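S.K.: Contents of start.tsv (TSV, N, CA and C atoms and all ligand atoms):
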chain	number	residue	atom	x	y	z
A	1	MET	N	78.53	-76.75	57.09
A	1	MET	CA	78.88	-76.31	55.74
A	1	MET	C	78.49	-77.38	54.73
A	2	SER	N	78.82	-78.61	55.12
A	2	SER	CA	78.49	-79.68	54.21
A	2	SER	C	76.97	-79.79	54.02
A	3	GLU	N	76.23	-79.63	55.14
A	3	GLU	CA	74.77	-79.73	55.03
A	3	GLU	C	74.21	-78.61	54.14
A	4	VAL	N	74.80	-77.39	54.31
A	4	VAL	CA	74.32	-76.28	53.48
A	4	VAL	C	74.58	-76.59	52.01
A	5	SER	N	75.80	-77.15	51.76
A	5	SER	CA	76.13	-77.50	50.38
A	5	SER	C	75.15	-78.53	49.83
A	6	ASP	N	74.82	-79.53	50.72
A	6	ASP	CA	73.88	-80.56	50.28
A	6	ASP	C	72.51	-79.94	49.97
A	7	VAL	N	72.11	-79.01	50.85
A	7	VAL	CA	70.80	-78.38	50.64
A	7	VAL	C	70.82	-77.62	49.31
A	8	SER	N	71.99	-76.93	49.07
A	8	SER	CA	72.06	-76.21	47.80
A	8	SER	C	71.97	-77.18	46.63
A	9	GLY	N	72.64	-78.33	46.82
A	9	GLY	CA	72.58	-79.31	45.74
A	9	GLY	C	71.15	-79.76	45.50
A	10	ILE	N	70.43	-79.98	46.59
A	10	ILE	CA	69.04	-80.40	46.43
A	10	ILE	C	68.25	-79.28	45.74
A	11	GLY	N	68.60	-78.06	46.18
A	11	GLY	CA	67.90	-76.93	45.55
A	11	GLY	C	68.17	-76.90	44.06
A	12	ASP	N	69.43	-77.17	43.67
A	12	ASP	CA	69.74	-77.18	42.24
A	12	ASP	C	68.98	-78.28	41.53
A	13	VAL	N	68.96	-79.45	42.21
A	13	VAL	CA	68.24	-80.56	41.59
A	13	VAL	C	66.78	-80.18	41.41
A	14	ASN	N	66.24	-79.56	42.50
A	14	ASN	CA	64.84	-79.15	42.38
A	14	ASN	C	64.68	-78.13	41.26
A	15	GLY	N	65.69	-77.23	41.17
A	15	GLY	CA	65.60	-76.23	40.10
A	15	GLY	C	65.60	-76.90	38.75
A	16	THR	N	66.51	-77.90	38.60
A	16	THR	CA	66.57	-78.62	37.33
A	16	THR	C	65.26	-79.35	37.08
A	17	SER	N	64.74	-79.95	38.16
A	17	SER	CA	63.49	-80.65	38.01
A	17	SER	C	62.38	-79.70	37.57
A	18	ASP	N	62.41	-78.51	38.20
A	18	ASP	CA	61.39	-77.52	37.81
A	18	ASP	C	61.55	-77.15	36.34
A	19	MET	N	62.85	-77.01	35.92
A	19	MET	CA	63.09	-76.66	34.52
A	19	MET	C	62.56	-77.76	33.59
A	20	SER	N	62.77	-79.02	34.04
A	20	SER	CA	62.27	-80.11	33.22
A	20	SER	C	60.76	-80.04	33.11
A	21	ASP	N	60.14	-79.71	34.25
A	21	ASP	CA	58.69	-79.59	34.20
A	21	ASP	C	58.28	-78.50	33.23
A	22	VAL	N	59.04	-77.39	33.27
A	22	VAL	CA	58.73	-76.30	32.36
A	22	VAL	C	58.90	-76.77	30.92
A	23	ASN	N	60.03	-77.51	30.69
A	23	ASN	CA	60.27	-78.00	29.34
A	23	ASN	C	59.17	-78.95	28.91
A	24	ARG	N	58.76	-79.79	29.84
A	24	ARG	CA	57.68	-80.72	29.48
A	24	ARG	C	56.41	-79.93	29.15
A	25	THR	N	56.18	-78.91	29.97
A	25	THR	CA	54.99	-78.10	29.72
A	25	THR	C	55.10	-77.43	28.36
A	26	SER	N	56.35	-76.96	28.04
A	26	SER	CA	56.53	-76.34	26.73
A	26	SER	C	56.27	-77.34	25.63
A	27	GLY	N	56.74	-78.57	25.86
A	27	GLY	CA	56.51	-79.59	24.85
A	27	GLY	C	55.02	-79.81	24.63
A	28	VAL	N	54.30	-79.87	25.73
A	28	VAL	CA	52.85	-80.06	25.61
A	28	VAL	C	52.25	-78.86	24.89
A	29	SER	N	52.77	-77.68	25.25
A	29	SER	CA	52.23	-76.48	24.61
A	29	SER	C	52.48	-76.52	23.11
A	30	GLU	N	53.72	-76.97	22.73
A	30	GLU	CA	54.01	-77.06	21.30
A	30	GLU	C	53.10	-78.09	20.64
A	31	THR	N	52.88	-79.20	21.37
A	31	THR	CA	51.99	-80.20	20.82
A	31	THR	C	50.60	-79.60	20.65
A	32	ASN	N	50.20	-78.82	21.67
A	32	ASN	CA	48.89	-78.18	21.54
A	32	ASN	C	48.90	-77.23	20.36
A	33	GLY	N	50.06	-76.57	20.14
A	33	GLY	CA	50.13	-75.69	18.98
A	33	GLY	C	49.91	-76.46	17.71
A	34	MET	N	50.51	-77.65	17.60
A	34	MET	CA	50.31	-78.47	16.41
A	34	MET	C	48.85	-78.91	16.34
A	35	GLY	N	48.30	-79.16	17.53
A	35	GLY	CA	46.88	-79.51	17.56
A	35	GLY	C	46.05	-78.38	17.00
A	36	ASP	N	46.43	-77.15	17.31
A	36	ASP	CA	45.71	-76.00	16.77
A	36	ASP	C	45.81	-76.00	15.25
A	37	ALA	N	47.04	-76.33	14.76
A	37	ALA	CA	47.23	-76.38	13.31
A	37	ALA	C	46.36	-77.48	12.71
A	38	SER	N	46.31	-78.62	13.42
A	38	SER	CA	45.47	-79.71	12.92
A	38	SER	C	44.01	-79.30	12.92
A	39	ARG	N	43.63	-78.57	13.99
A	39	ARG	CA	42.24	-78.13	14.03
A	39	ARG	C	41.96	-77.15	12.89
A	40	ALA	N	42.96	-76.32	12.59
A	40	ALA	CA	42.79	-75.39	11.47
A	40	ALA	C	42.66	-76.17	10.17
A	41	ALA	N	43.50	-77.22	10.04
A	41	ALA	CA	43.42	-78.06	8.84
A	41	ALA	C	42.07	-78.77	8.80
A	42	ALA	N	41.61	-79.19	9.99
A	42	ALA	CA	40.34	-79.89	10.05
A	42	ALA	C	39.21	-78.98	9.59
A	43	ALA	N	39.38	-77.69	9.84
A	43	ALA	CA	38.35	-76.75	9.43
A	43	ALA	C	38.29	-76.67	7.91
A	44	ARG	N	39.41	-77.02	7.26
A	44	ARG	CA	39.42	-77.03	5.80
A	44	ARG	C	38.89	-78.38	5.35
A	45	ARG	N	37.84	-78.33	4.66
A	45	ARG	CA	37.19	-79.55	4.21
A	45	ARG	C	37.73	-79.93	2.84
A	46	LEU	N	38.12	-81.17	2.70
A	46	LEU	CA	38.61	-81.67	1.43
A	46	LEU	C	37.57	-82.64	0.87
A	47	THR	N	37.17	-82.39	-0.33
A	47	THR	CA	36.18	-83.24	-0.98
A	47	THR	C	36.82	-83.89	-2.20
A	48	ILE	N	36.66	-85.18	-2.29
A	48	ILE	CA	37.19	-85.95	-3.42
A	48	ILE	C	36.05	-86.29	-4.36
A	49	THR	N	36.29	-86.08	-5.63
A	49	THR	CA	35.36	-86.59	-6.63
A	49	THR	C	36.16	-87.41	-7.63
A	50	VAL	N	35.53	-88.40	-8.19
A	50	VAL	CA	36.20	-89.23	-9.19
A	50	VAL	C	35.33	-89.30	-10.44
A	51	ASP	N	35.99	-89.53	-11.55
A	51	ASP	CA	35.30	-89.66	-12.83
A	51	ASP	C	35.61	-91.06	-13.37
A	52	PRO	N	34.71	-92.01	-13.10
A	52	PRO	CA	34.97	-93.39	-13.56
A	52	PRO	C	35.12	-93.49	-15.07
A	53	ASP	N	34.49	-92.55	-15.81
A	53	ASP	CA	34.62	-92.60	-17.27
A	53	ASP	C	36.04	-92.24	-17.72
A	54	ALA	N	36.71	-91.40	-16.93
A	54	ALA	CA	38.09	-91.02	-17.26
A	54	ALA	C	39.10	-92.04	-16.73
A	55	CYS	N	38.68	-92.82	-15.75
A	55	CYS	CA	39.58	-93.78	-15.09
A	55	CYS	C	40.02	-94.86	-16.06
A	56	CYS	N	41.31	-95.12	-16.10
A	56	CYS	CA	41.84	-96.17	-16.97
A	56	CYS	C	42.22	-97.42	-16.17
A	57	ALA	N	41.64	-97.51	-14.96
A	57	ALA	CA	41.71	-98.74	-14.16
A	57	ALA	C	43.14	-99.16	-13.82
A	58	MET	N	43.99	-98.18	-13.59
A	58	MET	CA	45.37	-98.49	-13.24
A	58	MET	C	45.50	-99.00	-11.80
A	59	GLY	N	44.61	-98.57	-10.92
A	59	GLY	CA	44.62	-99.04	-9.54
A	59	GLY	C	45.63	-98.37	-8.63
A	60	ARG	N	46.25	-97.33	-9.09
A	60	ARG	CA	47.23	-96.66	-8.22
A	60	ARG	C	46.57	-96.08	-6.98
A	61	CYS	N	45.38	-95.54	-7.14
A	61	CYS	CA	44.69	-94.92	-6.00
A	61	CYS	C	44.36	-95.98	-4.94
A	62	ALA	N	43.74	-97.05	-5.35
A	62	ALA	CA	43.34	-98.09	-4.40
A	62	ALA	C	44.57	-98.76	-3.78
A	63	GLY	N	45.61	-98.90	-4.57
A	63	GLY	CA	46.83	-99.49	-4.03
A	63	GLY	C	47.54	-98.57	-3.05
A	64	THR	N	47.40	-97.28	-3.25
A	64	THR	CA	48.06	-96.31	-2.38
A	64	THR	C	47.25	-96.03	-1.14
A	65	GLU	N	45.95	-95.89	-1.28
A	65	GLU	CA	45.11	-95.52	-0.14
A	65	GLU	C	43.80	-96.30	-0.19
A	66	PRO	N	43.86	-97.55	0.24
A	66	PRO	CA	42.66	-98.41	0.16
A	66	PRO	C	41.53	-97.98	1.09
A	67	GLU	N	41.84	-97.06	2.02
A	67	GLU	CA	40.76	-96.54	2.88
A	67	GLU	C	39.88	-95.55	2.11
A	68	LEU	N	40.44	-94.98	1.05
A	68	LEU	CA	39.70	-93.96	0.30
A	68	LEU	C	39.18	-94.46	-1.04
A	69	PHE	N	39.93	-95.39	-1.65
A	69	PHE	CA	39.59	-95.83	-3.01
A	69	PHE	C	39.58	-97.34	-3.11
A	70	ASP	N	38.73	-97.81	-3.99
A	70	ASP	CA	38.70	-99.23	-4.33
A	70	ASP	C	38.52	-99.30	-5.85
A	71	GLN	N	38.49	-100.49	-6.37
A	71	GLN	CA	38.25	-100.67	-7.79
A	71	GLN	C	37.05	-101.57	-8.00
A	72	ASP	N	36.27	-101.21	-8.99
A	72	ASP	CA	35.12	-102.04	-9.35
A	72	ASP	C	35.63	-103.44	-9.73
A	73	PRO	N	35.06	-104.48	-9.15
A	73	PRO	CA	35.59	-105.83	-9.44
A	73	PRO	C	35.40	-106.26	-10.88
A	74	ASP	N	34.46	-105.65	-11.56
A	74	ASP	CA	34.21	-106.05	-12.96
A	74	ASP	C	35.01	-105.21	-13.95
A	75	THR	N	35.01	-103.90	-13.73
A	75	THR	CA	35.65	-103.01	-14.71
A	75	THR	C	37.04	-102.55	-14.30
A	76	GLY	N	37.32	-102.61	-13.00
A	76	GLY	CA	38.61	-102.12	-12.51
A	76	GLY	C	38.64	-100.62	-12.31
A	77	THR	N	37.55	-99.96	-12.65
A	77	THR	CA	37.54	-98.50	-12.50
A	77	THR	C	37.36	-98.12	-11.04
A	78	VAL	N	37.73	-96.89	-10.77
A	78	VAL	CA	37.79	-96.39	-9.40
A	78	VAL	C	36.41	-96.38	-8.74
A	79	VAL	N	36.40	-96.73	-7.47
A	79	VAL	CA	35.23	-96.60	-6.60
A	79	VAL	C	35.67	-95.75	-5.42
A	80	LEU	N	35.00	-94.64	-5.25
A	80	LEU	CA	35.34	-93.73	-4.16
A	80	LEU	C	34.67	-94.21	-2.87
A	81	LEU	N	35.49	-94.45	-1.85
A	81	LEU	CA	34.96	-94.97	-0.58
A	81	LEU	C	34.65	-93.87	0.42
A	82	ASP	N	35.41	-92.77	0.36
A	82	ASP	CA	35.22	-91.70	1.35
A	82	ASP	C	35.43	-90.35	0.67
A	83	PRO	N	34.35	-89.70	0.26
A	83	PRO	CA	34.48	-88.43	-0.46
A	83	PRO	C	34.94	-87.26	0.41
A	84	THR	N	34.81	-87.37	1.72
A	84	THR	CA	35.25	-86.28	2.61
A	84	THR	C	36.12	-86.88	3.73
A	85	PRO	N	37.36	-87.21	3.39
A	85	PRO	CA	38.21	-87.89	4.36
A	85	PRO	C	38.61	-87.00	5.53
A	86	ALA	N	38.96	-87.65	6.61
A	86	ALA	CA	39.47	-86.94	7.79
A	86	ALA	C	40.79	-86.26	7.43
A	87	PRO	N	41.12	-85.17	8.12
A	87	PRO	CA	42.37	-84.45	7.84
A	87	PRO	C	43.60	-85.35	7.80
A	88	ALA	N	43.62	-86.38	8.60
A	88	ALA	CA	44.78	-87.28	8.63
A	88	ALA	C	44.99	-87.97	7.28
A	89	ARG	N	43.97	-88.02	6.44
A	89	ARG	CA	44.10	-88.68	5.14
A	89	ARG	C	44.20	-87.71	3.97
A	90	HIS	N	44.23	-86.42	4.27
A	90	HIS	CA	44.30	-85.43	3.19
A	90	HIS	C	45.56	-85.58	2.36
A	91	ALA	N	46.69	-85.78	3.01
A	91	ALA	CA	47.95	-85.92	2.27
A	91	ALA	C	47.89	-87.13	1.35
A	92	ALA	N	47.33	-88.21	1.84
A	92	ALA	CA	47.21	-89.42	1.01
A	92	ALA	C	46.28	-89.18	-0.17
A	93	ALA	N	45.21	-88.44	0.07
A	93	ALA	CA	44.28	-88.13	-1.01
A	93	ALA	C	44.98	-87.30	-2.08
A	94	ARG	N	45.79	-86.33	-1.64
A	94	ARG	CA	46.52	-85.50	-2.61
A	94	ARG	C	47.50	-86.35	-3.41
A	95	LEU	N	48.17	-87.27	-2.72
A	95	LEU	CA	49.12	-88.14	-3.41
A	95	LEU	C	48.41	-88.98	-4.46
A	96	CYS	N	47.27	-89.52	-4.11
A	96	CYS	CA	46.53	-90.35	-5.07
A	96	CYS	C	46.12	-89.53	-6.29
A	97	ALA	N	45.68	-88.30	-6.06
A	97	ALA	CA	45.30	-87.44	-7.19
A	97	ALA	C	46.52	-87.18	-8.08
A	98	GLU	N	47.68	-86.99	-7.46
A	98	GLU	CA	48.90	-86.75	-8.24
A	98	GLU	C	49.32	-88.00	-9.01
A	99	LEU	N	49.13	-89.17	-8.39
A	99	LEU	CA	49.57	-90.42	-9.01
A	99	LEU	C	48.65	-90.89	-10.13
A	100	CYS	N	47.42	-90.46	-10.10
A	100	CYS	CA	46.46	-90.94	-11.09
A	100	CYS	C	46.90	-90.51	-12.49
A	101	PRO	N	47.15	-91.48	-13.37
A	101	PRO	CA	47.65	-91.13	-14.71
A	101	PRO	C	46.56	-90.60	-15.64
A	102	CYS	N	45.31	-90.69	-15.20
A	102	CYS	CA	44.21	-90.30	-16.09
A	102	CYS	C	43.52	-89.02	-15.65
A	103	GLY	N	43.96	-88.44	-14.57
A	103	GLY	CA	43.29	-87.23	-14.08
A	103	GLY	C	41.86	-87.49	-13.65
A	104	ALA	N	41.61	-88.68	-13.16
A	104	ALA	CA	40.25	-89.05	-12.81
A	104	ALA	C	39.87	-88.68	-11.38
A	105	ILE	N	40.84	-88.18	-10.61
A	105	ILE	CA	40.57	-87.82	-9.22
A	105	ILE	C	40.71	-86.31	-9.08
A	106	THR	N	39.68	-85.68	-8.57
A	106	THR	CA	39.68	-84.24	-8.37
A	106	THR	C	39.48	-83.94	-6.89
A	107	LEU	N	40.27	-83.02	-6.38
A	107	LEU	CA	40.15	-82.60	-4.98
A	107	LEU	C	39.68	-81.16	-4.93
A	108	THR	N	38.78	-80.91	-4.01
A	108	THR	CA	38.30	-79.55	-3.79
A	108	THR	C	38.45	-79.24	-2.30
A	109	GLU	N	39.09	-78.12	-2.01
A	109	GLU	CA	39.27	-77.71	-0.62
A	109	GLU	C	38.53	-76.42	-0.38
A	110	ASP	N	37.83	-76.37	0.75
A	110	ASP	CA	37.20	-75.11	1.14
A	110	ASP	C	37.24	-74.95	2.63
A	201	LIG	S1	44.64	-94.14	-10.09
A	201	LIG	FE1	43.27	-93.03	-11.48
A	201	LIG	S2	43.19	-94.35	-13.30
A	201	LIG	FE2	43.98	-95.61	-11.62
A	201	LIG	S3	42.17	-96.62	-10.74
A	201	LIG	FE3	42.54	-94.74	-9.57
A	201	LIG	S4	41.24	-93.21	-10.56
A	201	LIG	FE4	41.46	-94.89	-11.99
Would you write out, as structure tokens, the structure that this file holds?
Ligand code: SF4
M.R.:
Amino acid sequence: MSEVSDVSGIGDVNGTSDMSDVNRTSGVSETNGMGDASRAAAARRLTITVDPDACCAMGRCAGTEPELFDQDPDTGTVVLLDPTPAPARHAAARLCAELCPCGAITLTED
């Protein structure tokens, strides 16, 4: 009786283990789902354009996202480093456009 009980216990443990595996698989699946969303976002191309004539050299863009923007060392006006950033930088690009006090950063998505 005790051995049967032990076997049942092992069976339960195995069942729990199997459930964990299923949960892990679900987690991976959810991650893959997010990956699909990222791939969908990646399919959307974001293009940044800047207007140095409108730029008032505040430096918010370069200070916020130095991978995308820099400032001209002489004039302080914006220098665009990456006009088509990777999806991982799209949010930062949007933030920079919002922060720009001169409206010198334009984003186009297609
Ligand atoms: S945030 Fe706007 S005004 Fe400031 S440097 Fe960048 S583009 Fe120019």
S.K.: Residues within 5 Å of ligand LIG 201 (chain A) (only N, CA and C atoms and all ligand atoms), as a count of residues only?
M.R.: 13
S.K.: Work out how far apart atom N of Thr108 in chain A and atom C of Asp74 in chain A are and give it in Å to one decimal.
M.R.: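 Separation between atom N of Thr108 in chain A and atom C of Asp74 in chain A: 26.5 Å.
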S.K.: State, in Å with one decimal place, the distance from atom C of Asp82 in chain A to CA of Glu98 in chain A.
M.R.: 16.5 Å
S.K.: Using atom C of Glu67 in chain A and atom N of Leu46 in chain A as the two end points, give the distance in Å to one decimal.
M.R.: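 Distance between the two atoms: 14.5 Å.
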S.K.: My list of candidates is A:Arg45, A:His90, A:Ala54, A:Val79. Which is closest to Gly103 in chain A when distances are computed with all atoms listed in the file?
M.R.: A:Ala54
S.K.: Among range 63-110 of chain A, which ones does DSSP place in alpha helix (DSSP H), written as a short mmCIF file (atom, residue, chain, number, x, y, z; two decimals) with N, CA and C atoms, keeping the file's coordinate frame?
M.R.:
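Output below, filename result-v5.cif:
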data_model
loop_
_atom_site.label_atom_id
_atom_site.label_comp_id
_atom_site.auth_asym_id
_atom_site.auth_seq_id
_atom_site.Cartn_x
_atom_site.Cartn_y
_atom_site.Cartn_z
N GLY A 63 45.61 -98.90 -4.57
CA GLY A 63 46.83 -99.49 -4.03
C GLY A 63 47.54 -98.57 -3.05
N THR A 64 47.40 -97.28 -3.25
CA THR A 64 48.06 -96.31 -2.38
C THR A 64 47.25 -96.03 -1.14
N HIS A 90 44.23 -86.42 4.27
CA HIS A 90 44.30 -85.43 3.19
C HIS A 90 45.56 -85.58 2.36
N ALA A 91 46.69 -85.78 3.01
CA ALA A 91 47.95 -85.92 2.27
C ALA A 91 47.89 -87.13 1.35
N ALA A 92 47.33 -88.21 1.84
CA ALA A 92 47.21 -89.42 1.01
C ALA A 92 46.28 -89.18 -0.17
N ALA A 93 45.21 -88.44 0.07
CA ALA A 93 44.28 -88.13 -1.01
C ALA A 93 44.98 -87.30 -2.08
N ARG A 94 45.79 -86.33 -1.64
CA ARG A 94 46.52 -85.50 -2.61
C ARG A 94 47.50 -86.35 -3.41
N LEU A 95 48.17 -87.27 -2.72
CA LEU A 95 49.12 -88.14 -3.41
C LEU A 95 48.41 -88.98 -4.46
N CYS A 96 47.27 -89.52 -4.11
CA CYS A 96 46.53 -90.35 -5.07
C CYS A 96 46.12 -89.53 -6.29
N ALA A 97 45.68 -88.30 -6.06
CA ALA A 97 45.30 -87.44 -7.19
C ALA A 97 46.52 -87.18 -8.08
N GLU A 98 47.68 -86.99 -7.46
CA GLU A 98 48.90 -86.75 -8.24
C GLU A 98 49.32 -88.00 -9.01
N LEU A 99 49.13 -89.17 -8.39
CA LEU A 99 49.57 -90.42 -9.01
C LEU A 99 48.65 -90.89 -10.13
#
